[in-house]
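**Student:** Let me give you the structure first, and then I'll get to my questions.
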Amino acid sequence: MFLKILPRIRRPTRSYAAVLAARHEGFAKVMQSDLMAFENFLGQDAVKKDDITNHTTDWTGQFKGPGSVVLYPKSTEEVSAILAYCSKNKLAVVPQGGNTGLVGGSIPVHDEVVISMNKINKQFSFDDTMGILKCDSGFILEDLDNKLAKLGYMMPFDLGAKGSCQIGGNIATCAGGIRLIRYGSLHAHLLGLTVVLPDEHGTVLHLGSSIRKDNTTLHTPHLFLGSEGQLGVITSVTMTAVPKPKSVQSAMLGIESFKKCCEVLKLAKSSLTEILSSFELLDDATMECLKTNLGLHPVLNAPTPFSILVETSGSNEDHDMEKMSAFLDECLSKNLIIDGVLAGSSAEATKMWQLRESAPLAVTRDGYVYKHDVSLPLENYYELTNVMKERCGSLAKRIVTYGHLGDGNTHLNITSEKHNEELEKLLYPFLYEWVVDHGGSISAEHGIGQLKLPYSTFGKDPEERLLTKKLKNIFDPNGILNPYKTI
Amino acid sequence: MKILVGVKRVVDYAVKIRVKPDRSGVVTEGVQHSMNPFDEIALEEAVKLKEKKLATEVVAFSLGGPKSAEVLRTALAKGADKAVHVQVTDAEAGKLESFHVAKALQKIVEQEKFDAVFLGKQAIDDDSSQTAPILAGLLEWPQALYASKVEDAGAGHMKVTREIDGGLDTIKVKVPFVLSADLRLNEPRYATLPNIMKAKKKPLKNIPIKDLNVDITPQTETLEVTEPPVRQAGGFVDDVSALVAKLKEKGFVKA
C-alpha cells in the first residue's frame with residue numbers, strides 16, 4: 001500500500017519574476033586589477049566589458065542583471081585559470097552557454113562574471129561504429145547535428161533552441177525535447193565529462209570515460225545532468241549519438257477529448273512501437289494563438305479541441321509507412337480521431353513542426369507570459385489546465401497548453417497584456433502546490449534557475465534538500481559558482 | 001471542363017542529393033520521394049475549378065515506375081476523381097524525357113477528350129520545364145505557362161495571369177488549352193485521412209506503356225553526372241584599401 005505523505009509546503013515570501021536575492025556581501029566586486037589579470041592570462045580579445053546586454057539578459061527578457069565583465073576562454077586550462085582566480089578572490093561567476101535557458105539560470109543576478117563557453121568549440125571526434133561523440137562543450141547543438149549527419153548519425157535529442165543552445169548547457173540542464181519518448185533522456189547517453197571545479201586550484205576533473213560501459217566507480221558525470229552550473233563548468237562532453245533515420249513520417253491528428261488523446265498514445269506505443277519518435281500535444285487555444293499572433297494556419301480543416309503531432313523515425317520507408325498507415329486506419333475506424341493528415345512531403349511535415357515549434361514564440365506576442373514546465377500523471381495532465389482556466393477567469397488573456405504528451409510533460413502558458421500582480425497571486429504558489437499534490441513535478445525539463453527557486457522544495461524531502469546542499473559545498477566550497485539560483 | 005493533371009514522383013526537395021559513385025546519376029534508392037511541388041499546385045488549381053463548378057472532372061496522370069501509384073493515390077486523396085498510371089519499369093523510368101511524357105499525355109487526351117491539361121511548370125529533379133510546351137505543340141493547343149492566377153473569361157475562354165521576368169502577363173486562352181503552374185498560383189491542400197480512405201475506392205487505371213503505343217527510346221544520353229565544385233572559403237580583409245588591393249590582385253578591378 002503506497003502511503004502518500006504530503007510535503008511540508010513552505011509559503012515563499014518572494015513573488016514570481018521579481019525574485020531579486022540580495023547581493024551576497026561576501027563576494028568581491030570586479031576591479032581594474034581583476035580585468036588586467038584576466039587580460040593577462042586570457043588575452044585582451046577574451047575580456048569584454050562594454051555592450052554585454054546579450055550576455056546579461058535572458059531569452060525571455062524577464063531576467064536582467066547588471067553584470068560586470070564577460071570572459072571568453074578558449075580551453076579547459078583557461079577556464080581553470082579563471083575559476084582558480086575567482087575562487088581565491090571571492091568573485092562570483094556565471095557559466096553561460098547559448099543563453100537560451102527559460103528559468104533565468106544563465107545570466108548574472110548582480111555583478112557576477114560571465115564565463116562564456118562560446119569559444120570552446122574546436123575539439124570534435126566521432127567513432128562511427130560505436131556511435132560515440134567527444135566534443136568541446138561550446139558546440140551549438142544544430143552544428144553537432146550537421147556534422148554527425150554527414151556520418152549517418154544525429155544527436156539523440158532535439159529542441160526548439162537547437163540553433164543557439166550549446167551541448168554543455170544541454171548537459172547542465174539535462175535537456176529533454178521532442179524525442180525523449182524514443183531516445184530517452186541524456187542519462188541514457190552521457191558517458192563522460194571534463195569539468196572544472198570552482199575551487200582555488202581550478203581543479204580539472206575527467207569524469208566517466210569514453211567507452212560505452214564502465215562501472216569502475218560512482219557515475220560522477222551523471223551528477224552534472226541537471227546541475228544548472230552549480231557544481232562545475234563543463235568543458236568537454238562524451239556521449240552516444242544515434243543513427244540518423246532514413247525515413248521520418250509526421251502526422252497531425254484532430255481529437256475531441258483528452259481521454260481519447262491518451263488512448264491514441266497507448267495505440268501509438270503498441271502499433272508503432274520501435275519507430276515512434278515523437279508524440280506532441282497542442283490544444284485549441286494554442287492553435288488559435290498561432291493563427292492570431294503569427295499567422296500560422298492549422299493543418300486540419302476545422303479546429304478540434306486537441307491536436308496531436310505524431311512522428312516516426314526508422315530505417316525503412318516501406319516498413320514505416322505500412323505501420324503508420326495501419327495505425328492511422330485503426331485510429332479512424334475506432335473513432336479515436338475526428339480528422340488527420342499524414343504529411344506527404346517534407347514541406348508538409350515542416351509545416352506541422354513549425355506549428356509546434358513556434359508555440360513558445362506565439363505566446364510571447366500577447367505581452368507577458370507565465371510559463372510552466374510541469375510533469376503530471378496523465379489523468380491529471382489536462383486537469384491542471386481546466387483548474388487554472390476556472391481559477392484565473394478573465395484575468396488571464398490566454399491559457400494555452402502544449403507539450404510532450406508522450407512524457408507527461410505539459411507546457412501550460414498563461415498570458416496577459418502585461419505583468420499582473422493580481423493574476424500572479426492567483427497563480428502562485430497555488431499552481432505548483434496543485435501539481436505536487438497531484439503527483440507531479442514542478443520542473444520537468446527547464447530546471448529551477450531563479451524562476452522556480454521559491455518552490456524548489458515542493459515535492460522533495462528536507463533530508464534530500466540537505467544532501468544536495470552538502471554536495472554543492474563539496475564541489476563549490478567558496479560558493480562562487482552561479483549563486484542566487486537553483487539550490 | 002474535363003481536366004487532366006500530370007503528376008510526377010520525384011526525390012523530395014529536402015533530401016540532400018548525392019551523386020552515384022559511378023557518376024551515372026544521383027542516388028534515388030532508399031531516399032524519400034514525394035509529389036513534385038509544382039504538380040501539387042497544378043492539381044490544387046484543377047480541384048479548385050471543380051469546386052467552383054468550372055470543371056466537371058479531374059483526372060490525375062503519371063508516367064513512371066510502379067511506385068508512381070503512391071503519388072496518384074495522394075492525388076486522388078487531394079481531390080482528383082480518377083487516376084491513370086502509364087507504367088514503365090524503374091530502369092525505363094530513369095531514362096524518360098519530357099518528350100515521352102508529352103507523347104503519352106497526348107495519347108490519353110485524344111482517347112478521353114479532355115478540355116485542359118494542367119502540369120507543374122517543371123519537375124524539381126530535372127528542371128527541364130519542357131513537358132507543357134511540347135504537349136501544347138503536339139496537340140496544337142494554346143499554352144498558358146507559369147500561371148499565377150486562373151479565371152473564367154466566359155465564352156469558352158480562360159484568363160490566365162503569368163509570372164514572367166518582367167512582371168505579370170495576362171492572356172486569354174481558348175479552351176482546350178495546356179497550363180503549367182507556377183509557385184504562387186495557390187496553396188495546395190493536405191490529404192486528410194478520411195479523404196485518403198475515400199481515395200482507396202476511386203478508380204486507378206493501369207496502362208502498360210506498350211499498350212499506349214508510345215516510343216520511349218531516349219533521345220539524349222547522359223554522359224556524366226558530377227557534383228558542383230566545392231566552394232572555396234572566403235577570406236577577411238582588414239579595411240577598404242586591403243579589399244581594393246585584393247580585387248586588383250585577382251583581376252576583378254583594373255589596376
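Every chain in the C-alpha cells takes a letter, A first, then B, and so on in the order presented; its residues are numbered from 1, and the ligands are numbered from 1 following the presented order.
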Do a neighbour search on Pro188 in chain B at 8 Å with only C-alpha atoms, toss out local chain neighbours closer than 4 positions, and write the hits as a list of chain:residue names.
**Tutor:**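 Everything that qualifies: B:Glu40, B:Ile41, B:Glu44.
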**Student:** Got a sec to pull out which chain B residues are within 6 Å of chain A, counting only C-alpha atoms, and send them as a list in words?
**Tutor:**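 Matching residues, ligands excluded from the count: Ser34, Thr192 and Leu193 of chain B.
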**Student:** Rounded to one decimal place, report the CA of Leu272 in chain A-CA of Ala326 in chain A distance in Å.
**Tutor:** 9.0 Å
**Student:** Closest to Pro243 in chain A among A:Cys261, A:Leu296, A:Ala268, A:Ile132, using only C-alpha atoms?
**Tutor:**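 Of all the options, A:Ile132 lies closest to Pro243 in chain A.
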**Student:** What's the separation between CA of Leu76 in chain B and CA of Lys323 in chain A, in Å to one decimal place?
**Tutor:**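 Rounded to one decimal, the two atoms are 21.3 Å apart.
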**Student:** Quick one: everything within 8 Å of Gln122 in chain B, counting only C-alpha atoms, minus sequence neighbours fewer than 5 positions away in the same chain. Send it as a compact mmCIF listing (two decimals) with N, CA and C atoms, in the first residue's frame.
**Tutor:**
# COMPACT_ATOMS: atom_id res chain seq x y z
N PHE B 38 5.34 21.53 -57.89
CA PHE B 38 4.58 22.31 -58.87
C PHE B 38 3.36 21.53 -59.36
N ASP B 127 14.36 19.76 -63.77
CA ASP B 127 14.20 21.18 -64.08
C ASP B 127 14.05 21.44 -65.58
N SER B 128 13.51 20.46 -66.34
CA SER B 128 13.56 20.66 -67.80
C SER B 128 12.53 21.66 -68.29
N SER B 129 11.34 21.69 -67.63
CA SER B 129 10.35 22.72 -67.96
C SER B 129 9.85 22.61 -69.40
N GLN B 130 9.87 21.40 -69.97
CA GLN B 130 9.54 21.26 -71.40
C GLN B 130 8.20 20.57 -71.67
N THR B 131 7.74 19.76 -70.71
CA THR B 131 6.57 18.92 -71.00
C THR B 131 5.36 19.73 -71.46
**Student:** CA of Gln123 in chain A and CA of Phe139 in chain A are how many Å apart?
**Tutor:**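 Those two atoms sit 9.2 Å apart.
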**Student:** Give me the residues of range 294-372 of chain A that have any atom at most 12 Å from an atom of range 96-109 of chain A; for each, the nearest atom pair and the distance in Å, rounded to one decimal. Use only C-alpha atoms, sort by chain and number, and format it as JSON lines.
**Tutor:**
{"residue": "A:Pro360", "atom": "CA", "partner": "A:Leu102", "partner_atom": "CA", "distance": 10.7}
{"residue": "A:Val369", "atom": "CA", "partner": "A:Leu102", "partner_atom": "CA", "distance": 11.5}
{"residue": "A:Tyr370", "atom": "CA", "partner": "A:Leu102", "partner_atom": "CA", "distance": 11.1}
{"residue": "A:Lys371", "atom": "CA", "partner": "A:Leu102", "partner_atom": "CA", "distance": 8.6}
{"residue": "A:His372", "atom": "CA", "partner": "A:Leu102", "partner_atom": "CA", "distance": 9.7}
**Student:** Among range 46-112 of chain B, which residues does DSSP mark as helix (DSSP H, G or I) when it is run on the backbone? Keep the chain and numbering as in the structure and answer as a PyMOL selection string.
**Tutor:** chain B and resi 46-51+68-77+90-93+98-112
**Student:** Got a sec: who's within 12 Å of range 212-215 of chain B, counting only C-alpha atoms, leaving out chain neighbours fewer than 5 positions off, as a list of chain:residue names?
**Tutor:** B:Leu63, B:Val84, B:His85, B:Val86, B:Gln87, B:Val88, B:Glu92, B:Leu96, B:Glu97, B:Phe99, B:His100, B:Val101, B:Ala102, B:Lys103, B:Ala104, B:Leu105, B:Gln106, B:Lys107, B:Ile108, B:Val109, B:Glu110, B:Gln111, B:Asn206, B:Ile207
**Student:** Could those residues be written to a file, using C-alpha atoms, as a PDB file, in the first residue's frame?
**Tutor:**
ATOM      1  CA  LEU B  63       4.115   8.130 -66.355  1.00  0.00           C
ATOM      2  CA  VAL B  84      -4.277   6.889 -64.845  1.00  0.00           C
ATOM      3  CA  HIS B  85      -0.901   5.202 -64.330  1.00  0.00           C
ATOM      4  CA  VAL B  86       1.074   4.605 -67.510  1.00  0.00           C
ATOM      5  CA  GLN B  87       3.560   2.143 -66.160  1.00  0.00           C
ATOM      6  CA  VAL B  88       7.170   1.501 -67.131  1.00  0.00           C
ATOM      7  CA  GLU B  92      12.952   2.725 -68.098  1.00  0.00           C
ATOM      8  CA  LEU B  96      12.236   9.081 -69.520  1.00  0.00           C
ATOM      9  CA  GLU B  97      12.332  12.533 -71.082  1.00  0.00           C
ATOM     10  CA  PHE B  99       9.090  14.402 -74.963  1.00  0.00           C
ATOM     11  CA  HIS B 100       7.953  10.903 -73.907  1.00  0.00           C
ATOM     12  CA  VAL B 101       5.714  12.284 -71.202  1.00  0.00           C
ATOM     13  CA  ALA B 102       4.180  14.758 -73.644  1.00  0.00           C
ATOM     14  CA  LYS B 103       3.535  11.988 -76.193  1.00  0.00           C
ATOM     15  CA  ALA B 104       1.885   9.796 -73.533  1.00  0.00           C
ATOM     16  CA  LEU B 105      -0.276  12.703 -72.365  1.00  0.00           C
ATOM     17  CA  GLN B 106      -1.244  13.401 -75.966  1.00  0.00           C
ATOM     18  CA  LYS B 107      -2.473   9.812 -76.378  1.00  0.00           C
ATOM     19  CA  ILE B 108      -4.576   9.988 -73.217  1.00  0.00           C
ATOM     20  CA  VAL B 109      -6.044  13.351 -74.188  1.00  0.00           C
ATOM     21  CA  GLU B 110      -7.010  12.077 -77.626  1.00  0.00           C
ATOM     22  CA  GLN B 111      -8.557   8.900 -76.162  1.00  0.00           C
ATOM     23  CA  ASN B 206      -3.012   0.977 -65.007  1.00  0.00           C
ATOM     24  CA  ILE B 207      -1.827   1.112 -68.646  1.00  0.00           C
TER      25      ILE B 207
END
**Student:** Closest to Ala349 in chain A among A:Met155, A:Met36, A:Ile442, A:Thr312, using only C-alpha atoms?
**Tutor:**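 For Ala349 in chain A, the nearest of the given residues is A:Thr312.
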**Student:** Within 6 Å of Lys149 in chain B, counting only C-alpha atoms, which residues qualify if same-chain residues fewer than 2 places away don't, as a short mmCIF file (atom, residue, chain, number, x, y, z; two decimals) with N, CA, C and O atoms, in the first residue's frame?
**Tutor:**
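The resulting part.cif:
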data_model
loop_
_atom_site.label_atom_id
_atom_site.label_comp_id
_atom_site.auth_asym_id
_atom_site.auth_seq_id
_atom_site.Cartn_x
_atom_site.Cartn_y
_atom_site.Cartn_z
N ALA B 147 1.59 29.92 -64.81
CA ALA B 147 0.36 30.57 -64.37
C ALA B 147 0.41 30.90 -62.89
O ALA B 147 0.80 30.07 -62.07
N VAL B 160 -5.68 33.87 -67.95
CA VAL B 160 -4.57 33.39 -67.12
C VAL B 160 -3.53 34.48 -66.94
O VAL B 160 -3.08 35.10 -67.91
N THR B 161 -3.15 34.72 -65.69
CA THR B 161 -2.07 35.66 -65.39
C THR B 161 -0.79 34.84 -65.22
O THR B 161 -0.80 33.82 -64.53
N LEU B 185 0.53 30.23 -57.63
CA LEU B 185 -0.83 30.03 -58.13
C LEU B 185 -1.79 29.73 -56.98
O LEU B 185 -2.89 30.25 -56.93
#
